Amino acid sequence: MNSIYRIYGGLGSPYSMKMRAVFRYRRLPHAWIQIRAGEADVTTQVKVPVIPIVQYPDGTWHNDSTPMIHELEQKHSERSIVPKSAADAFLASVLEDMADEWGTKLMFHYRWFRARDQEQMSEWLAFDRAGGGGKTSIRKFASALRQRQVGRMALVGCTDENQALIEESARRVLAAFEAHVCVQPFMFGTRPSLAEFGWFGQLSQLIVDPTPNDLLRATAPFTVRWIMQMDDTSGVEGEWRTTENRPVIVDRLLELAGEIYFPFLQANAKAAALAKETFSFTALGHSYTQGVFKYQVKCLETLRGAYRALAPEVRDQVDPVLERTGCKSHLSA
C-alpha cells in the first residue's frame, strides 16, 4: 500500500493544476507524476479516462476534482478548504462549480480558437505527453492533438458564434479578480477555499497560452502574479472570515453566475429533458449555442439540491446575496 497520494496529471490540465494546488495547500503527502501517452494501466483504472487521476494511499483510483476535494475533507481535517460558515461554504461551492464548468470554456476557447495558440500549445502538450522521441515525433503528435481538439470546439461551445460571450465573460472575470487581489488574496477569509482553487485551475492555463497571457498581462497584471502564488500556498496560515461583509468579488462572480452560468445550465438541462442534441441561450446581449452535456445536468441538480438542504437560518444568510446577484430564482426553481 502506498503511503502517499499519487497524482497523475499534466501542466496543461486545469483540473490537474487545481488538485495539485489543493494537495500542496493541505500539506498532504503526494507525488506529482506527468502522465505520458500510452500509460493505459493508469487511465483504465477510472471510468472516464481524463486527468488528473489520483491513486489514494489505500490503492483506490479517483479522477473527478470536486468529489475528490470533498473526500479529502472527510479523510483529513487539517487545513480544510471548505469555509466553516455553512453559508460561505455553499457560495464557495457555487463559484467552484462555475469555474469548473464555465471557466473551462474560457481556457478551451483561448487555447484552440486562434492559430498561434493552437500551434504553441499543441506542441507543448505533445512534448509533455511524449516524454522524448525527438522533435519530429513530438510535432507529429502535436499535429494529431491539434486536429482532435480543434475538432471538438463546436461540441463544447467554443465556436466563432460564441466568441463574443466567452471573451466578454473572460474580461469580466479578470476585472473582478484584478480589483480583488490588490486588496486581499482570498474570498472567505485569510485562507484559500475551494472557490479559489477552482478558478486557479482554469486561470493557470490562461497565463501560459500566448493570446490570453497577453490579455492578462495587459489588463490584469496583479492577477497574473496571484495565479503564480496560488500554485503553492503550503506556507499560508490563515483563518475563515468573521466579519459581516464578504469581499466584492463574491458578488461580482455571482452576478456572472446569475447572468451566464445558471441560464447556461438551465438551457442545457431543458434541452436534455427534451432529448435534444443542442441548446441555445442569450446572455450579456450575445447568443450562445452548444451540444447538450449530461454531466452539466447533474451539476445543476447538485447545486439545487445543496440549496434545498440548507438549514433555514443558513438560507436566510445566503438569500440576500443570491437575490441581488440574480442566482436565487435559478436555484429555487
# chains A, B, ... in the order shown; residues from 1 in each chain; ligands from 1
$ residues_around --residues "Gly291 in chain A" --least-positions-apart "5" --cutoff "8 Å" --atoms "only C-alpha atoms" --output "list in words"
Ala154, Leu155, Val156, Gly157, Glu277, Thr278 and Phe279 of chain A
$ residues_around --residues "Phe197 in chain A" --least-positions-apart "3" --cutoff "6 Å" --atoms "only C-alpha atoms" --output "number ranges by chain"
A: 18, 194, 200
$ write_last_selection --atoms "N, CA and C atoms" --output "mmCIF file, in the first residue's frame"
data_model
loop_
_atom_site.group_PDB
_atom_site.id
_atom_site.type_symbol
_atom_site.label_atom_id
_atom_site.label_comp_id
_atom_site.auth_asym_id
_atom_site.auth_seq_id
_atom_site.Cartn_x
_atom_site.Cartn_y
_atom_site.Cartn_z
ATOM 1 N N LYS A 18 -5.330 22.367 -10.441
ATOM 2 C CA LYS A 18 -6.227 22.628 -9.319
ATOM 3 C C LYS A 18 -5.965 21.638 -8.184
ATOM 4 N N LEU A 194 -12.216 26.303 -1.706
ATOM 5 C CA LEU A 194 -12.346 25.563 -2.965
ATOM 6 C C LEU A 194 -12.694 26.489 -4.133
ATOM 7 N N PHE A 200 -8.325 29.089 -9.894
ATOM 8 C CA PHE A 200 -6.892 28.972 -10.175
ATOM 9 C C PHE A 200 -6.625 27.955 -11.268
#
$ closest_residue --among "A:Arg191, A:His30, A:Arg246, A:Lys276" --to "Asp88 in chain A" --atoms "only C-alpha atoms"
A:Arg246
$ residues_around --residues "Leu95 in chain A" --least-positions-apart "2" --cutoff "9 Å" --atoms "only C-alpha atoms" --output "compact mmCIF listing (two decimals) with C-alpha atoms, in the first residue's frame"
# COMPACT_ATOMS: atom_id res chain seq x y z
CA PHE A 90 -22.38 26.99 -0.18
CA LEU A 91 -21.35 30.16 -2.02
CA ALA A 92 -17.81 28.84 -2.45
CA SER A 93 -19.24 25.64 -3.97
CA ASP A 97 -18.71 24.81 -9.94
CA MET A 98 -18.86 27.84 -12.23
CA ALA A 99 -15.09 27.76 -12.59
CA ASP A 100 -15.11 24.06 -13.46
CA LEU A 194 -12.35 25.56 -2.96
CA ALA A 195 -13.57 28.60 -4.94
CA GLU A 196 -10.04 29.98 -5.32
CA GLY A 198 -11.39 26.11 -8.90
CA TRP A 199 -10.63 29.44 -10.57
CA VAL A 250 -18.06 37.24 -4.38
CA LEU A 253 -18.67 36.45 -9.73
CA LEU A 254 -22.16 35.51 -8.52
CA ALA A 257 -23.37 33.17 -12.44
$ atom_distance --atom1 "CA of Ala309 in chain A" --atom2 "CA of Lys328 in chain A"
14.2 Å
$ closest_residue --among "A:Glu101, A:Phe188, A:Ser234, A:Ile260" --to "Gln296 in chain A" --atoms "only C-alpha atoms"
A:Glu101
$ residues_around --residues "Ile4 in chain A" --least-positions-apart "4" --cutoff "9 Å" --atoms "only C-alpha atoms" --output "PyMOL selection string"
chain A and resi 28-31+55-57
$ residues_around --residues "Phe264 in chain A" --least-positions-apart "5" --cutoff "9 Å" --atoms "only C-alpha atoms" --output "ChimeraX atom specification"
/A:102,259,269,279-283,288
$ write_last_selection --atoms "C-alpha atoms" --output "PDB file, in the first residue's frame"
ATOM      1  CA  TRP A 102     -17.945  27.731 -17.404  1.00  0.00           C
ATOM      2  CA  GLU A 259     -26.338  36.307 -15.889  1.00  0.00           C
ATOM      3  CA  ALA A 269     -30.995  20.769 -18.698  1.00  0.00           C
ATOM      4  CA  PHE A 279     -29.310  24.150 -26.915  1.00  0.00           C
ATOM      5  CA  SER A 280     -29.101  27.939 -27.118  1.00  0.00           C
ATOM      6  CA  PHE A 281     -29.448  30.871 -24.734  1.00  0.00           C
ATOM      7  CA  THR A 282     -28.644  34.585 -24.695  1.00  0.00           C
ATOM      8  CA  ALA A 283     -26.565  36.449 -22.114  1.00  0.00           C
ATOM      9  CA  TYR A 288     -24.638  31.035 -27.393  1.00  0.00           C
TER      10      TYR A 288
END
$ closest_residue --among "A:Thr43, A:Arg129, A:Glu178, A:Ser332" --to "Leu300 in chain A" --atoms "only C-alpha atoms"
A:Ser332
$ closest_residue --among "A:Ala170, A:Thr233, A:Gly131, A:Thr211" --to "Ala115 in chain A" --atoms "only C-alpha atoms"
A:Thr211
$ select_by_dssp --residues "range 124-331 of chain A" --states "strand (DSSP E)" --output "PyMOL selection string"
chain A and resi 278-283+286-291
$ write_last_selection --atoms "C-alpha atoms" --output "PDB file, in the first residue's frame"
ATOM      1  CA  THR A 278     -28.048  21.155 -28.872  1.00  0.00           C
ATOM      2  CA  PHE A 279     -29.310  24.150 -26.915  1.00  0.00           C
ATOM      3  CA  SER A 280     -29.101  27.939 -27.118  1.00  0.00           C
ATOM      4  CA  PHE A 281     -29.448  30.871 -24.734  1.00  0.00           C
ATOM      5  CA  THR A 282     -28.644  34.585 -24.695  1.00  0.00           C
ATOM      6  CA  ALA A 283     -26.565  36.449 -22.114  1.00  0.00           C
ATOM      7  CA  HIS A 286     -24.825  37.676 -27.027  1.00  0.00           C
ATOM      8  CA  SER A 287     -26.220  34.368 -28.264  1.00  0.00           C
ATOM      9  CA  TYR A 288     -24.638  31.035 -27.393  1.00  0.00           C
ATOM     10  CA  THR A 289     -25.183  27.507 -28.770  1.00  0.00           C
ATOM     11  CA  GLN A 290     -23.539  24.163 -27.983  1.00  0.00           C
ATOM     12  CA  GLY A 291     -24.164  20.451 -27.627  1.00  0.00           C
TER      13      GLY A 291
END
$ residues_around --residues "Asn268 in chain A" --least-positions-apart "3" --cutoff "7 Å" --atoms "only C-alpha atoms" --output "ChimeraX atom specification"
/A:264-265,271-272,279,292-293,297
$ write_last_selection --atoms "N, CA and C atoms" --output "PDB file, in the first residue's frame"
ATOM      1  N   PHE A 264     -27.109  29.141 -18.638  1.00  0.00           N
ATOM      2  CA  PHE A 264     -26.430  28.101 -19.422  1.00  0.00           C
ATOM      3  C   PHE A 264     -26.830  26.712 -18.926  1.00  0.00           C
ATOM      4  N   LEU A 265     -26.762  26.500 -17.601  1.00  0.00           N
ATOM      5  CA  LEU A 265     -27.121  25.208 -17.035  1.00  0.00           C
ATOM      6  C   LEU A 265     -28.589  24.877 -17.271  1.00  0.00           C
ATOM      7  N   ALA A 271     -32.945  21.220 -22.606  1.00  0.00           N
ATOM      8  CA  ALA A 271     -32.720  20.516 -23.868  1.00  0.00           C
ATOM      9  C   ALA A 271     -32.515  19.029 -23.630  1.00  0.00           C
ATOM     10  N   ALA A 272     -31.794  18.677 -22.566  1.00  0.00           N
ATOM     11  CA  ALA A 272     -31.566  17.263 -22.246  1.00  0.00           C
ATOM     12  C   ALA A 272     -32.884  16.566 -21.942  1.00  0.00           C
ATOM     13  N   PHE A 279     -28.478  23.151 -27.582  1.00  0.00           N
ATOM     14  CA  PHE A 279     -29.310  24.150 -26.915  1.00  0.00           C
ATOM     15  C   PHE A 279     -28.721  25.526 -27.164  1.00  0.00           C
ATOM     16  N   VAL A 292     -25.560  19.388 -25.966  1.00  0.00           N
ATOM     17  CA  VAL A 292     -26.037  19.067 -24.621  1.00  0.00           C
ATOM     18  C   VAL A 292     -25.011  18.186 -23.893  1.00  0.00           C
ATOM     19  N   PHE A 293     -24.783  18.496 -22.606  1.00  0.00           N
ATOM     20  CA  PHE A 293     -23.886  17.699 -21.776  1.00  0.00           C
ATOM     21  C   PHE A 293     -24.661  17.157 -20.579  1.00  0.00           C
ATOM     22  N   VAL A 297     -26.105  18.672 -16.523  1.00  0.00           N
ATOM     23  CA  VAL A 297     -27.433  18.497 -15.939  1.00  0.00           C
ATOM     24  C   VAL A 297     -27.270  18.114 -14.471  1.00  0.00           C
TER      25      VAL A 297
END
$ closest_residue --among "A:Val48, A:Val94, A:Val248, A:Val150" --to "Val181 in chain A" --atoms "only C-alpha atoms"
A:Val248
$ select_by_dssp --residues "range 42-250 of chain A" --states "helix (DSSP H, G or I)" --output "PyMOL selection string"
chain A and resi 42-43+65-75+86-112+115-130+135-151+153-156+163-181+194-206+210-219+221-230+248-250
$ write_last_selection --atoms "C-alpha atoms" --output "CSV table (one decimal), in the first residue's frame"
chain,number,residue,atom,x,y,z
A,42,VAL,CA,-3.4,4.3,-15.3
A,43,THR,CA,-6.2,5.5,-17.5
A,65,SER,CA,-11.9,17.0,-8.8
A,66,THR,CA,-14.9,18.2,-6.8
A,67,PRO,CA,-15.8,14.8,-5.3
A,68,MET,CA,-12.1,14.3,-4.6
A,69,ILE,CA,-12.0,17.6,-2.7
A,70,HIS,CA,-14.9,16.5,-0.5
A,71,GLU,CA,-13.5,13.0,0.0
A,72,LEU,CA,-10.2,14.6,1.2
A,73,GLU,CA,-12.2,16.8,3.6
A,74,GLN,CA,-13.6,13.6,5.1
A,75,LYS,CA,-10.2,11.9,5.4
A,86,ALA,CA,-22.3,26.9,6.0
A,87,ALA,CA,-23.4,30.0,4.1
A,88,ASP,CA,-19.9,30.7,2.8
A,89,ALA,CA,-19.3,27.0,2.1
A,90,PHE,CA,-22.4,27.0,-0.2
A,91,LEU,CA,-21.3,30.2,-2.0
A,92,ALA,CA,-17.8,28.8,-2.4
A,93,SER,CA,-19.2,25.6,-4.0
A,94,VAL,CA,-21.3,27.7,-6.5
A,95,LEU,CA,-18.2,29.6,-7.5
A,96,GLU,CA,-16.1,26.5,-7.8
A,97,ASP,CA,-18.7,24.8,-9.9
A,98,MET,CA,-18.9,27.8,-12.2
A,99,ALA,CA,-15.1,27.8,-12.6
A,100,ASP,CA,-15.1,24.1,-13.5
A,101,GLU,CA,-18.0,24.2,-16.0
A,102,TRP,CA,-17.9,27.7,-17.4
A,103,GLY,CA,-14.4,28.9,-16.6
A,104,THR,CA,-13.1,25.9,-18.6
A,105,LYS,CA,-14.7,27.3,-21.7
A,106,LEU,CA,-12.5,30.4,-21.4
A,107,MET,CA,-9.5,28.1,-21.2
A,108,PHE,CA,-10.5,25.9,-24.1
A,109,HIS,CA,-11.6,28.8,-26.3
A,110,TYR,CA,-8.3,30.7,-25.9
A,111,ARG,CA,-6.2,27.6,-26.3
A,112,TRP,CA,-7.8,26.4,-29.5
A,115,ALA,CA,-3.7,29.6,-34.9
A,116,ARG,CA,-0.9,31.0,-32.7
A,117,ASP,CA,-2.3,29.3,-29.6
A,118,GLN,CA,-3.1,26.1,-31.4
A,119,GLU,CA,0.4,25.8,-32.7
A,120,GLN,CA,2.3,26.5,-29.5
A,121,MET,CA,0.0,24.7,-27.1
A,122,SER,CA,-0.3,21.6,-29.2
A,123,GLU,CA,3.4,21.3,-29.3
A,124,TRP,CA,3.9,21.9,-25.6
A,125,LEU,CA,1.2,19.4,-24.7
A,126,ALA,CA,2.6,16.9,-27.1
A,127,PHE,CA,6.1,17.5,-25.5
A,128,ASP,CA,4.6,16.8,-22.0
A,129,ARG,CA,2.9,13.6,-23.1
A,130,ALA,CA,5.6,12.3,-25.4
A,135,LYS,CA,11.2,16.9,-32.4
A,136,THR,CA,9.8,15.2,-35.5
A,137,SER,CA,7.9,12.7,-33.4
A,138,ILE,CA,6.7,15.4,-31.0
A,139,ARG,CA,5.4,17.6,-33.8
A,140,LYS,CA,3.6,14.7,-35.5
A,141,PHE,CA,1.9,14.0,-32.1
A,142,ALA,CA,1.1,17.8,-31.8
A,143,SER,CA,-0.5,17.8,-35.3
A,144,ALA,CA,-2.8,15.0,-34.4
A,145,LEU,CA,-3.6,16.6,-31.0
A,146,ARG,CA,-4.3,19.9,-32.5
A,147,GLN,CA,-6.7,18.4,-35.1
A,148,ARG,CA,-8.6,16.5,-32.4
A,149,GLN,CA,-9.0,19.4,-30.1
A,150,VAL,CA,-10.0,21.9,-32.7
A,151,GLY,CA,-12.5,19.3,-34.0
A,153,MET,CA,-14.7,23.0,-30.3
A,154,ALA,CA,-18.3,23.0,-31.6
A,155,LEU,CA,-19.2,20.2,-29.1
A,156,VAL,CA,-18.0,22.3,-26.1
A,163,GLN,CA,-16.7,34.0,-29.2
A,164,ALA,CA,-18.3,37.3,-28.1
A,165,LEU,CA,-19.9,35.9,-25.0
A,166,ILE,CA,-16.9,33.8,-24.0
A,167,GLU,CA,-14.5,36.6,-24.3
A,168,GLU,CA,-16.7,39.2,-22.6
A,169,SER,CA,-17.2,36.8,-19.7
A,170,ALA,CA,-13.4,36.4,-19.5
A,171,ARG,CA,-13.0,40.2,-19.4
A,172,ARG,CA,-15.5,40.4,-16.5
A,173,VAL,CA,-13.9,37.6,-14.6
A,174,LEU,CA,-10.5,39.1,-14.9
A,175,ALA,CA,-11.7,42.5,-13.9
A,176,ALA,CA,-13.3,41.0,-10.8
A,177,PHE,CA,-10.1,39.3,-9.8
A,178,GLU,CA,-7.8,42.3,-10.6
A,179,ALA,CA,-9.9,44.5,-8.3
A,180,HIS,CA,-9.9,41.9,-5.6
A,181,VAL,CA,-6.3,40.6,-5.4
A,194,LEU,CA,-12.3,25.6,-3.0
A,195,ALA,CA,-13.6,28.6,-4.9
A,196,GLU,CA,-10.0,30.0,-5.3
A,197,PHE,CA,-8.7,26.6,-6.3
A,198,GLY,CA,-11.4,26.1,-8.9
A,199,TRP,CA,-10.6,29.4,-10.6
A,200,PHE,CA,-6.9,29.0,-10.2
A,201,GLY,CA,-7.1,25.8,-12.2
A,202,GLN,CA,-8.6,27.5,-15.2
A,203,LEU,CA,-6.6,30.7,-14.9
A,204,SER,CA,-3.3,28.8,-14.6
A,205,GLN,CA,-3.7,27.9,-18.3
A,206,LEU,CA,-4.5,31.4,-19.4
A,210,PRO,CA,0.0,33.1,-25.8
A,211,THR,CA,-3.1,35.1,-26.5
A,212,PRO,CA,-4.7,35.0,-23.0
A,213,ASN,CA,-1.3,35.6,-21.5
A,214,ASP,CA,-1.0,38.8,-23.5
A,215,LEU,CA,-4.6,39.7,-22.3
A,216,LEU,CA,-3.9,39.1,-18.7
A,217,ARG,CA,-0.6,40.9,-18.6
A,218,ALA,CA,-2.2,43.9,-20.2
A,219,THR,CA,-5.4,44.1,-18.2
A,221,PRO,CA,-1.2,42.0,-14.2
A,222,PHE,CA,-1.6,41.5,-10.5
A,223,THR,CA,-4.0,38.6,-11.1
A,224,VAL,CA,-1.1,37.0,-13.1
A,225,ARG,CA,1.0,37.2,-10.0
A,226,TRP,CA,-1.8,35.9,-7.8
A,227,ILE,CA,-2.2,32.9,-10.1
A,228,MET,CA,1.5,32.1,-9.7
A,229,GLN,CA,1.2,32.4,-5.9
A,230,MET,CA,-1.8,30.1,-5.8
A,248,VAL,CA,-16.9,42.4,-3.5
A,249,ILE,CA,-15.5,39.7,-5.8
A,250,VAL,CA,-18.1,37.2,-4.4
